[in-house]
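Reproduced below: final.cif, with mmCIF, C-alpha atoms and all ligand atoms.
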data_input
loop_
_atom_site.label_atom_id
_atom_site.label_comp_id
_atom_site.auth_asym_id
_atom_site.auth_seq_id
_atom_site.Cartn_x
_atom_site.Cartn_y
_atom_site.Cartn_z
CA MET A 1 -95.44 41.00 25.62
CA SER A 2 -92.37 39.04 26.75
CA ALA A 3 -91.46 38.07 23.19
CA THR A 4 -91.64 41.74 22.15
CA ILE A 5 -89.45 42.78 25.06
CA VAL A 6 -86.88 40.12 24.20
CA SER A 7 -86.66 40.94 20.51
CA ASP A 8 -86.56 44.71 21.22
CA LEU A 9 -83.76 44.21 23.73
CA LEU A 10 -81.73 41.93 21.46
CA ASP A 11 -82.13 44.24 18.45
CA TRP A 12 -81.09 47.23 20.53
CA PHE A 13 -78.09 45.33 21.95
CA ASP A 14 -76.96 44.26 18.47
CA ARG A 15 -77.06 47.88 17.30
CA THR A 16 -75.57 49.71 20.27
CA LYS A 17 -73.46 47.39 22.42
CA ARG A 18 -70.16 48.80 23.60
CA GLU A 19 -66.99 47.11 22.45
CA MET A 20 -65.27 45.12 25.16
CA PRO A 21 -62.41 42.73 24.42
CA TRP A 22 -63.94 39.89 26.46
CA ARG A 23 -67.12 40.15 24.39
CA LEU A 24 -65.11 38.86 21.45
CA SER A 25 -64.14 35.73 23.37
CA ARG A 26 -66.06 32.48 23.78
CA ASP A 27 -63.46 31.17 26.23
CA PRO A 28 -65.30 30.51 29.54
CA TYR A 29 -62.11 31.30 31.49
CA ALA A 30 -61.71 34.71 29.81
CA ILE A 31 -65.39 35.52 30.43
CA TRP A 32 -65.18 34.44 34.06
CA VAL A 33 -62.09 36.62 34.69
CA SER A 34 -63.82 39.64 33.11
CA GLU A 35 -66.93 39.12 35.23
CA VAL A 36 -64.89 38.98 38.44
CA MET A 37 -62.94 42.11 37.50
CA LEU A 38 -66.12 43.99 36.59
CA GLN A 39 -67.57 43.55 40.08
CA GLN A 40 -67.65 47.05 41.60
CA THR A 41 -65.31 48.30 38.86
CA ARG A 42 -65.95 50.31 35.70
CA VAL A 43 -65.53 48.83 32.22
CA ASP A 44 -62.85 51.36 31.19
CA THR A 45 -60.81 50.59 34.28
CA VAL A 46 -61.06 46.83 33.76
CA ARG A 47 -60.09 46.78 30.07
CA PRO A 48 -56.24 47.10 30.43
CA TYR A 49 -56.21 44.94 33.55
CA TRP A 50 -58.08 42.15 31.78
CA GLU A 51 -55.71 42.31 28.80
CA ARG A 52 -52.62 42.13 31.01
CA PHE A 53 -54.14 39.38 33.12
CA MET A 54 -55.01 37.20 30.13
CA GLU A 55 -51.54 37.68 28.71
CA ARG A 56 -49.85 36.77 31.98
CA PHE A 57 -52.26 33.97 33.02
CA PRO A 58 -53.76 32.66 29.76
CA SER A 59 -55.39 29.55 31.23
CA VAL A 60 -56.97 28.18 34.39
CA ARG A 61 -53.83 26.13 34.98
CA ALA A 62 -51.51 29.12 34.56
CA LEU A 63 -53.56 31.00 37.15
CA ALA A 64 -53.72 28.02 39.51
CA GLU A 65 -49.92 27.64 39.45
CA ALA A 66 -48.97 31.34 39.65
CA PRO A 67 -47.16 32.70 42.72
CA LEU A 68 -49.62 34.81 44.70
CA ASP A 69 -47.33 37.86 44.49
CA ASP A 70 -47.35 37.69 40.67
CA LEU A 71 -51.12 37.66 40.77
CA TYR A 72 -51.24 40.62 43.13
CA LYS A 73 -48.78 42.51 40.94
CA VAL A 74 -51.04 42.18 37.90
CA TRP A 75 -54.06 43.07 40.05
CA GLU A 76 -52.34 46.04 41.70
CA GLY A 77 -54.56 49.14 41.64
CA LEU A 78 -57.76 47.26 40.82
CA GLY A 79 -58.67 46.98 44.51
CA TYR A 80 -60.82 44.43 46.31
CA TYR A 81 -57.89 42.00 46.40
CA ARG A 82 -60.06 39.28 47.88
CA ARG A 83 -61.37 38.83 44.33
CA ALA A 84 -57.86 37.95 43.12
CA ARG A 85 -57.30 35.46 45.91
CA ASN A 86 -60.67 33.85 45.27
CA LEU A 87 -59.94 33.64 41.55
CA GLN A 88 -56.81 31.64 42.23
CA THR A 89 -58.51 29.42 44.82
CA ALA A 90 -61.30 28.75 42.32
CA ALA A 91 -58.76 28.05 39.55
CA ARG A 92 -57.20 25.37 41.76
CA GLN A 93 -60.65 23.93 42.47
CA ILE A 94 -61.34 23.81 38.72
CA VAL A 95 -58.09 21.91 38.17
CA ASP A 96 -58.88 19.48 41.01
CA ARG A 97 -62.58 18.97 40.33
CA HIS A 98 -63.03 19.57 36.62
CA GLY A 99 -59.67 18.78 34.99
CA GLY A 100 -58.88 22.46 34.37
CA GLN A 101 -62.06 23.28 32.40
CA LEU A 102 -64.79 25.49 33.78
CA PRO A 103 -67.90 23.36 34.30
CA ALA A 104 -70.90 24.01 32.02
CA ASP A 105 -73.22 23.90 35.00
CA ALA A 106 -74.44 26.83 37.09
CA SER A 107 -74.50 24.86 40.38
CA ALA A 108 -70.95 23.58 39.88
CA LEU A 109 -69.84 27.12 39.03
CA GLU A 110 -71.50 28.46 42.15
CA ALA A 111 -69.62 25.93 44.26
CA LEU A 112 -66.31 27.62 43.33
CA ALA A 113 -64.60 30.13 45.63
CA GLY A 114 -65.93 33.66 45.21
CA VAL A 115 -68.58 32.69 42.64
CA GLY A 116 -72.08 33.83 43.60
CA PRO A 117 -75.38 33.48 41.73
CA TYR A 118 -74.62 36.49 39.51
CA THR A 119 -71.19 35.30 38.29
CA ALA A 120 -72.44 31.73 37.89
CA GLY A 121 -75.40 32.96 35.82
CA ALA A 122 -73.22 35.26 33.72
CA VAL A 123 -70.65 32.56 32.88
CA ALA A 124 -73.29 29.86 32.37
CA SER A 125 -75.27 32.02 29.94
CA MET A 126 -72.46 33.85 28.12
CA ALA A 127 -69.93 31.03 27.86
CA PHE A 128 -72.19 27.97 27.72
CA GLY A 129 -75.48 29.32 26.36
CA LEU A 130 -77.48 28.15 29.38
CA ALA A 131 -80.74 29.96 30.15
CA LYS A 132 -79.68 31.30 33.56
CA PRO A 133 -80.41 34.81 34.84
CA ALA A 134 -77.46 37.09 35.64
CA LEU A 135 -78.77 39.86 37.83
CA ASP A 136 -76.17 42.49 38.58
CA GLY A 137 -77.16 45.90 39.95
CA ASN A 138 -77.92 47.24 36.48
CA ALA A 139 -80.14 44.32 35.47
CA VAL A 140 -81.94 44.45 38.81
CA ARG A 141 -82.75 48.11 38.24
CA VAL A 142 -84.07 47.49 34.73
CA ALA A 143 -86.14 44.44 35.73
CA SER A 144 -87.64 46.08 38.81
CA ARG A 145 -88.76 49.05 36.69
CA LEU A 146 -89.86 47.09 33.66
CA TYR A 147 -92.20 44.97 35.81
CA GLU A 148 -92.74 47.56 38.56
CA VAL A 149 -91.52 45.30 41.35
CA GLY A 150 -91.64 47.17 44.67
CA GLY A 151 -90.34 46.14 48.09
CA GLU A 152 -86.83 46.06 49.51
CA VAL A 153 -84.73 44.93 46.57
CA SER A 154 -82.31 42.77 48.52
CA SER A 155 -85.13 40.77 50.15
CA ALA A 156 -85.54 37.12 49.15
CA ARG A 157 -89.08 37.78 47.91
CA VAL A 158 -88.12 40.58 45.51
CA ARG A 159 -85.01 38.72 44.40
CA ALA A 160 -87.09 35.62 43.60
CA GLU A 161 -89.66 37.65 41.69
CA LEU A 162 -87.02 39.40 39.58
CA GLU A 163 -85.30 36.09 38.83
CA ALA A 164 -88.62 34.55 37.81
CA ARG A 165 -89.26 37.48 35.45
CA ILE A 166 -85.87 37.09 33.80
CA ARG A 167 -86.26 33.31 33.56
CA ALA A 168 -89.52 33.91 31.71
CA LEU A 169 -87.75 36.25 29.28
CA LEU A 170 -84.96 33.71 28.76
CA ALA A 171 -87.58 31.07 27.92
CA GLU A 172 -89.04 33.19 25.11
CA GLY A 173 -88.45 32.13 21.53
CA PRO A 174 -86.27 35.10 20.47
CA ALA A 175 -83.90 34.43 23.40
CA SER A 176 -83.32 30.87 22.32
CA GLY A 177 -79.63 30.41 21.70
CA ARG A 178 -78.85 33.92 22.94
CA PRO A 179 -79.33 33.89 26.74
CA GLY A 180 -75.93 35.44 27.33
CA GLU A 181 -76.72 38.32 25.03
CA LEU A 182 -80.11 38.89 26.61
CA ASN A 183 -78.49 39.06 30.05
CA GLN A 184 -75.89 41.46 28.70
CA ALA A 185 -78.58 43.57 27.02
CA LEU A 186 -80.37 44.02 30.36
CA MET A 187 -77.13 44.99 32.08
CA GLU A 188 -76.11 47.28 29.23
CA LEU A 189 -79.50 49.00 29.31
CA GLY A 190 -79.07 49.65 33.02
CA ALA A 191 -75.51 50.92 32.52
CA THR A 192 -76.23 53.28 29.63
CA VAL A 193 -79.95 54.24 29.54
CA CYS A 194 -81.86 53.18 32.64
CA SER A 195 -79.68 55.10 35.10
CA PRO A 196 -80.43 55.21 38.84
CA GLN A 197 -81.55 58.86 39.10
CA SER A 198 -82.58 59.94 35.61
CA PRO A 199 -83.49 57.09 33.26
CA ARG A 200 -83.67 58.18 29.60
CA CYS A 201 -86.99 56.49 28.93
CA GLU A 202 -87.45 58.25 25.59
CA ALA A 203 -84.33 56.43 24.30
CA CYS A 204 -85.27 53.06 25.81
CA PRO A 205 -85.94 50.11 23.50
CA VAL A 206 -88.55 48.71 25.91
CA GLY A 207 -90.06 52.06 26.95
CA GLY A 208 -93.42 51.06 25.49
CA GLU A 209 -93.65 48.02 27.77
CA CYS A 210 -92.20 49.50 30.95
CA LEU A 211 -94.70 49.57 33.83
CA ALA A 212 -92.70 51.96 36.00
CA ARG A 213 -92.51 54.43 33.12
CA GLN A 214 -96.27 54.21 32.71
CA GLY A 215 -96.57 54.84 36.46
CA GLY A 216 -94.74 58.15 35.93
CA ASP A 217 -91.91 57.81 38.47
CA PRO A 218 -89.48 55.05 37.44
CA ALA A 219 -86.59 56.48 39.49
CA ARG A 220 -88.34 55.44 42.73
CA LEU A 221 -87.43 51.84 41.90
CA PRO A 222 -85.67 49.72 42.96
CA GLN A 223 -86.38 50.38 46.63
CA ARG A 224 -83.40 50.15 48.94
CA ARG A 225 -82.99 50.48 52.65
CA LYS A 226 -80.67 53.35 53.55
CA LYS A 227 -77.21 52.00 54.28
CA ALA A 228 -75.55 52.80 57.57
CA PRO A 229 -72.29 54.69 56.95
CA ALA A 230 -69.21 52.44 56.87
CA PRO A 231 -67.31 52.27 60.17
CA PHE A 232 -64.19 54.38 60.65
CA ALA A 233 -60.74 53.40 61.89
CA GLU A 234 -57.34 55.00 62.36
CA ILE A 235 -54.50 52.84 61.07
CA ALA A 236 -50.95 53.29 62.31
CA VAL A 237 -48.29 52.42 59.75
CA ALA A 238 -44.67 51.86 60.83
CA LEU A 239 -42.23 53.30 58.30
CA CYS A 240 -38.86 51.81 59.19
CA VAL A 241 -36.09 52.97 56.85
CA GLU A 242 -32.52 51.70 57.15
CA GLY A 243 -30.14 53.11 54.59
CA GLN A 244 -31.84 52.65 51.23
CA SER A 245 -34.12 49.85 52.43
CA VAL A 246 -37.54 49.89 54.01
CA LEU A 247 -39.30 47.29 56.12
CA VAL A 248 -42.17 45.44 54.46
CA ALA A 249 -44.17 42.46 55.71
CA ARG A 250 -46.94 40.17 54.58
CA ARG A 251 -50.28 40.85 56.28
CA PRO A 252 -51.92 38.02 58.23
CA ASP A 253 -54.29 35.72 56.32
CA GLY A 254 -57.47 37.15 57.85
CA GLY A 255 -58.74 40.72 58.15
CA LEU A 256 -57.88 43.88 56.25
CA LEU A 257 -55.62 43.37 53.18
CA ALA A 258 -55.27 39.70 54.12
CA GLY A 259 -52.14 38.02 52.76
CA MET A 260 -50.80 41.13 51.02
CA MET A 261 -47.36 42.67 51.29
CA GLY A 262 -47.28 46.12 52.88
CA PHE A 263 -45.63 48.35 55.44
CA PRO A 264 -46.34 47.02 58.95
CA ALA A 265 -49.64 48.45 60.12
CA ALA A 266 -52.15 48.12 62.94
CA VAL A 267 -55.68 49.38 63.47
CA LEU A 268 -55.51 51.66 66.51
CA GLU A 269 -57.22 50.45 69.63
CA ALA A 270 -59.27 52.78 71.84
CA GLY A 271 -56.95 55.28 73.54
CA GLU A 272 -53.88 54.15 71.61
CA SER A 273 -51.78 56.83 69.89
CA PRO A 274 -50.44 56.39 66.34
CA ALA A 275 -46.92 56.18 67.77
CA GLU A 276 -47.94 53.35 70.12
CA GLY A 277 -49.76 51.63 67.26
CA SER A 278 -46.67 51.83 65.06
CA VAL A 279 -44.54 50.18 67.76
CA ARG A 280 -47.15 47.43 68.08
CA ALA A 281 -47.17 46.94 64.30
CA LEU A 282 -43.39 46.66 64.37
CA ALA A 283 -43.48 44.14 67.23
CA ALA A 284 -45.89 41.96 65.23
CA VAL A 285 -43.13 41.40 62.66
CA GLY A 286 -40.38 40.69 65.19
CA LEU A 287 -38.79 44.11 65.73
CA ARG A 288 -38.48 46.39 68.71
CA GLY A 289 -38.50 50.03 67.82
CA GLU A 290 -39.09 53.58 68.85
CA PRO A 291 -41.15 56.17 67.04
CA ILE A 292 -39.24 59.12 65.62
CA GLY A 293 -42.12 61.22 64.41
CA PRO A 294 -45.09 61.49 62.07
CA PHE A 295 -44.33 61.11 58.38
CA ARG A 296 -47.75 61.84 56.87
CA SER A 297 -51.45 61.10 57.20
CA TYR A 298 -53.96 60.37 54.47
CA PRO A 299 -57.50 59.04 54.20
CA PHE A 300 -58.37 55.80 52.44
CA VAL A 301 -61.76 54.18 51.86
CA PHE A 302 -61.85 50.37 51.83
CA SER A 303 -64.95 48.51 50.65
CA SER A 304 -66.29 48.26 54.19
CA LEU A 305 -64.21 50.72 56.16
CA ARG A 306 -63.33 54.40 56.05
CA SER A 307 -59.88 55.05 57.43
CA VAL A 308 -57.10 57.51 58.06
CA HIS A 309 -53.58 56.14 57.78
CA ARG A 310 -51.15 57.70 60.28
CA VAL A 311 -47.67 56.91 59.03
CA ILE A 312 -45.03 57.04 61.75
CA LEU A 313 -41.33 56.99 61.09
CA VAL A 314 -39.79 54.43 63.45
CA ARG A 315 -36.26 53.39 64.28
CA ARG A 316 -35.35 49.77 64.95
CA SER A 317 -33.84 49.27 68.42
CA GLY A 318 -33.62 45.47 68.26
CA GLY A 319 -34.88 42.24 66.78
CA GLU A 320 -34.88 40.79 63.29
CA PRO A 321 -37.73 40.66 60.76
CA ALA A 322 -39.76 37.50 61.36
CA GLY A 323 -41.92 35.41 59.07
CA GLU A 324 -42.42 37.09 55.72
CA ALA A 325 -41.04 40.48 56.80
CA PHE A 326 -37.85 41.89 55.28
CA PHE A 327 -36.06 45.10 54.39
CA ALA A 328 -36.77 45.78 50.73
CA ASP A 329 -34.20 47.68 48.71
CA ARG A 330 -35.67 50.87 47.25
CA ARG A 331 -35.01 49.56 43.74
CA ALA A 332 -37.17 46.50 44.51
CA LEU A 333 -40.08 48.49 45.86
CA ASP A 334 -41.75 48.97 42.50
CA ALA A 335 -41.79 45.23 41.87
CA LEU A 336 -43.72 44.53 45.07
CA ALA A 337 -47.50 44.29 44.75
CA LEU A 338 -48.59 46.75 47.40
CA PRO A 339 -52.26 47.51 48.05
CA ALA A 340 -53.69 50.85 46.90
CA ALA A 341 -54.07 51.79 50.57
CA MET A 342 -50.26 51.90 50.83
CA ALA A 343 -49.61 53.57 47.47
CA PRO A 344 -49.17 57.11 48.90
CA ILE A 345 -46.27 55.85 51.04
CA ARG A 346 -44.70 53.84 48.23
CA ASP A 347 -45.04 56.84 45.88
CA ALA A 348 -43.37 59.17 48.35
CA LEU A 349 -40.51 56.71 48.76
CA THR A 350 -40.01 55.96 45.07
CA ASP A 351 -40.34 59.62 44.02
CA ALA A 352 -37.60 60.71 46.40
CA ARG A 353 -34.07 60.90 45.08
CA ASP A 354 -32.55 59.80 48.33
CA TRP A 355 -33.69 58.49 51.68
CA ARG A 356 -32.04 60.13 54.62
CA VAL A 357 -33.05 60.38 58.20
CA LEU A 358 -31.72 63.70 59.46
CA SER A 359 -30.68 63.53 63.07
CA ALA A 360 -31.95 66.39 65.15
CA ARG A 361 -29.93 65.05 68.06
CA THR A 362 -26.54 65.81 66.55
CA GLY A 363 -27.57 69.39 65.94
CA LYS A 364 -25.87 69.06 62.58
CA PRO A 365 -28.36 67.57 60.23
CA ALA A 366 -27.14 67.00 56.73
CA PRO A 367 -28.40 69.75 54.43
CA ALA A 368 -31.51 68.79 52.56
CA VAL A 369 -31.19 68.50 48.81
CA ALA A 370 -34.17 69.23 46.60
CA GLY A 371 -35.82 65.94 45.65
CA ASP A 372 -34.53 64.10 48.70
CA LEU A 373 -37.03 62.44 50.96
CA VAL A 374 -35.98 63.97 54.23
CA LEU A 375 -37.11 61.94 57.17
CA SER A 376 -36.36 64.28 60.04
CA GLU A 377 -36.75 63.69 63.72
CA ALA A 378 -39.74 65.56 65.08
CA ALA A 379 -42.26 65.43 67.84
CA VAL A 380 -43.74 61.99 68.11
CA GLY A 381 -47.34 61.97 66.79
S1 LIG A 401 -88.57 52.85 30.10
FE1 LIG A 401 -87.28 54.03 31.44
S2 LIG A 401 -87.47 53.11 33.44
FE2 LIG A 401 -88.31 51.66 31.96
S3 LIG A 401 -86.59 50.30 31.53
FE3 LIG A 401 -86.57 51.91 29.98
S4 LIG A 401 -85.19 53.50 30.79
FE4 LIG A 401 -85.74 52.13 32.47
#
Hey, can you dump this file as structure tokens for me?
Ligand code: SF4
Amino acid sequence: MSATIVSDLLDWFDRTKREMPWRLSRDPYAIWVSEVMLQQTRVDTVRPYWERFMERFPSVRALAEAPLDDLYKVWEGLGYYRRARNLQTAARQIVDRHGGQLPADASALEALAGVGPYTAGAVASMAFGLAKPALDGNAVRVASRLYEVGGEVSSARVRAELEARIRALLAEGPASGRPGELNQALMELGATVCSPQSPRCEACPVGGECLARQGGDPARLPQRRKKAPAPFAEIAVALCVEGQSVLVARRPDGGLLAGMMGFPAAVLEAGESPAEGSVRALAAVGLRGEPIGPFRSYPFVFSSLRSVHRVILVRRSGGEPAGEAFFADRRALDALALPAAMAPIRDALTDARDWRVLSARTGKPAPAVAGDLVLSEAAVG
């Protein structure tokens, strides 16, 4: 039965596989980068990012030596920036430990920063032809249905059983020399045919062998515990504009958006108002300030946190930017790699023709001109 499954899957993959630029490459580095980008991200989204990335950082060494801000700039909009940081850390480890070449060994791959069993298996099988399983969410779904494996899918027992099933497939004659393609076929089947809610079993190349299909209710597998909703936080952002410059700062190394440039921000503490939070965020980068008023609010969902950003316009009353904080000229704003969570603020600033804070105190605010970003004094939020 296994040999039939393998040859059916490989035949189907040969006939129907989607074109992806990294599938044309045998370069382990190019394959590794694509696998990292594809984590939690759709193929169509990844395609242009991967092409730009490979052009800008064509080798492990180029990536290892790149300034972090250049890396973030190329990654900008792809989200989950920890992946980019880990890629560079791993590139440096590859230079130090393996002379700049990815190791043809799943354990050595798994010892690199940010590389888990899935990525190690994918690179080992696709780039080096090693018979290692690569179980992403799609392959897990297919395997659990094909062999009708019940039980909580993230448990060690189920994981081990699914891996053993795939190892057995990879050991079959037809898979010899093509382990990477067999892994990709399983993932492709999950992505295009064996969907979570309504698998198209009639179009499935292994429909005749699938135990869950024979059981009549394949969509009940894999079994997952219901996830608790992600926690929620309010984030105060200090928008400090002086002339045609705006204050930006690098985030601390740990926590949300670690190490990234952005507008000073702080997660609100219990009982703290957005205005108070904005002053605290300002103080963290060396400035004293007073809130002028709310600029705008918008929701943003991080991978593990739902949030609302409360952007407060603040005025500096003393101090100088410390550490990696500085006033960025509006013309330089586009060149900064800012996280997607801060894009609504950056867009509002770059779309505006002019930045002017209208003073309500003088009683004679300058007249607003269409297209100007008018930052007027208002009630403090
Ligand atoms: S027969 Fe249906 S449930 Fe089974 S692997 Fe194919 S698409 Fe998935």
I'd like the contact shell of A:Val206 - 9 Å cut-off, all atoms listed in the file, skipping same-chain residues fewer than 5 positions apart - returned as a count of residues only. 7
Taking all atoms listed in the file into account, produce a table as JSON lines in which each residue of chain A with an atom at most 8 Å from an atom of ligand LIG 401 (chain A) appears once, together with its shortest atom pair and the distance in Å to one decimal, ordered by chain and rising number.
{"residue": "A:Arg141", "atom": "CA", "partner": "A:LIG401", "partner_atom": "FE4", "distance": 7.6}
{"residue": "A:Val142", "atom": "CA", "partner": "A:LIG401", "partner_atom": "S3", "distance": 4.9}
{"residue": "A:Ala143", "atom": "CA", "partner": "A:LIG401", "partner_atom": "S3", "distance": 7.2}
{"residue": "A:Arg145", "atom": "CA", "partner": "A:LIG401", "partner_atom": "S2", "distance": 5.4}
{"residue": "A:Leu146", "atom": "CA", "partner": "A:LIG401", "partner_atom": "S3", "distance": 5.1}
{"residue": "A:Leu189", "atom": "CA", "partner": "A:LIG401", "partner_atom": "S4", "distance": 7.4}
{"residue": "A:Gly190", "atom": "CA", "partner": "A:LIG401", "partner_atom": "FE4", "distance": 7.1}
{"residue": "A:Val193", "atom": "CA", "partner": "A:LIG401", "partner_atom": "S4", "distance": 5.4}
{"residue": "A:Cys194", "atom": "CA", "partner": "A:LIG401", "partner_atom": "S4", "distance": 3.8}
{"residue": "A:Ser195", "atom": "CA", "partner": "A:LIG401", "partner_atom": "S4", "distance": 7.2}
{"residue": "A:Pro199", "atom": "CA", "partner": "A:LIG401", "partner_atom": "S4", "distance": 4.7}
{"residue": "A:Arg200", "atom": "CA", "partner": "A:LIG401", "partner_atom": "S4", "distance": 5.1}
{"residue": "A:Cys201", "atom": "CA", "partner": "A:LIG401", "partner_atom": "FE1", "distance": 3.5}
{"residue": "A:Glu202", "atom": "CA", "partner": "A:LIG401", "partner_atom": "S1", "distance": 7.1}
{"residue": "A:Ala203", "atom": "CA", "partner": "A:LIG401", "partner_atom": "S4", "distance": 7.2}
{"residue": "A:Cys204", "atom": "CA", "partner": "A:LIG401", "partner_atom": "FE3", "distance": 4.5}
{"residue": "A:Pro205", "atom": "CA", "partner": "A:LIG401", "partner_atom": "FE3", "distance": 6.8}
{"residue": "A:Val206", "atom": "CA", "partner": "A:LIG401", "partner_atom": "FE3", "distance": 5.5}
{"residue": "A:Gly207", "atom": "CA", "partner": "A:LIG401", "partner_atom": "S1", "distance": 3.6}
{"residue": "A:Gly208", "atom": "CA", "partner": "A:LIG401", "partner_atom": "S1", "distance": 6.9}
{"residue": "A:Glu209", "atom": "CA", "partner": "A:LIG401", "partner_atom": "S1", "distance": 7.4}
{"residue": "A:Cys210", "atom": "CA", "partner": "A:LIG401", "partner_atom": "FE2", "distance": 4.6}
{"residue": "A:Leu211", "atom": "CA", "partner": "A:LIG401", "partner_atom": "FE2", "distance": 7.0}
{"residue": "A:Ala212", "atom": "CA", "partner": "A:LIG401", "partner_atom": "S2", "distance": 5.9}
{"residue": "A:Arg213", "atom": "CA", "partner": "A:LIG401", "partner_atom": "FE2", "distance": 5.2}
{"residue": "A:Pro218", "atom": "CA", "partner": "A:LIG401", "partner_atom": "S2", "distance": 4.9}
{"residue": "A:Ala219", "atom": "CA", "partner": "A:LIG401", "partner_atom": "S2", "distance": 7.0}
Using all atoms listed in the file, I'd like a table of the residues in stretch 1-81 of chain A that come within 7 Å of stretch 100-116 of chain A; for each, show the closest atom pair and its distance in Å rounded to one decimal, ordered by chain and ascending number, as a Markdown table.
| residue | atom | partner | partner_atom | distance |
| --- | --- | --- | --- | --- |
| A:Pro28 | CA | A:Leu102 | CA | 6.6 |
| A:Tyr29 | CA | A:Leu102 | CA | 6.8 |
| A:Val60 | CA | A:Gly100 | CA | 6.0 |
| A:Arg61 | CA | A:Gly100 | CA | 6.3 |
Taking 4 positions as the minimum chain separation for residues in the same chain, which residues sit within 10 Å of A:Arg23 when counting only C-alpha atoms? Answer as an mmCIF file with C-alpha atoms, in the coordinates of the input.
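Written file, around32.cif:
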data_model
loop_
_atom_site.group_PDB
_atom_site.id
_atom_site.type_symbol
_atom_site.label_atom_id
_atom_site.label_comp_id
_atom_site.auth_asym_id
_atom_site.auth_seq_id
_atom_site.Cartn_x
_atom_site.Cartn_y
_atom_site.Cartn_z
ATOM 1 C CA LYS A 17 -73.460 47.390 22.420
ATOM 2 C CA ARG A 18 -70.160 48.800 23.600
ATOM 3 C CA GLU A 19 -66.990 47.110 22.450
ATOM 4 C CA ASP A 27 -63.460 31.170 26.230
ATOM 5 C CA ALA A 30 -61.710 34.710 29.810
ATOM 6 C CA ILE A 31 -65.390 35.520 30.430
ATOM 7 C CA SER A 34 -63.820 39.640 33.110
ATOM 8 C CA MET A 126 -72.460 33.850 28.120
ATOM 9 C CA GLU A 181 -76.720 38.320 25.030
ATOM 10 C CA GLN A 184 -75.890 41.460 28.700
#
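Computed from the coordinates, the atom CA of A:Leu182 to atom CA of A:Arg220 distance equals 24.5 Å.
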May I have the residues within 8 Å of A:Arg346 as number ranges by chain, using all atoms listed in the file and disregarding those fewer than 4 positions away in the same chain? A: 333, 342, 350
Neighbouring residues of stretch 285-297 of chain A were defined as those with any atom within 10 Å, considering all atoms listed in the file; residues of the same chain fewer than 4 positions away were excluded. Please report them as a PyMOL selection string. chain A and resi 234-240+247-251+264-265+274-281+308-326+344-345+348+357+359+374-381
Measuring between all atoms listed in the file, which one of A:Val123, A:Ile94, A:Leu71, A:Tyr118 shows the shortest distance to A:Trp22? A:Val123
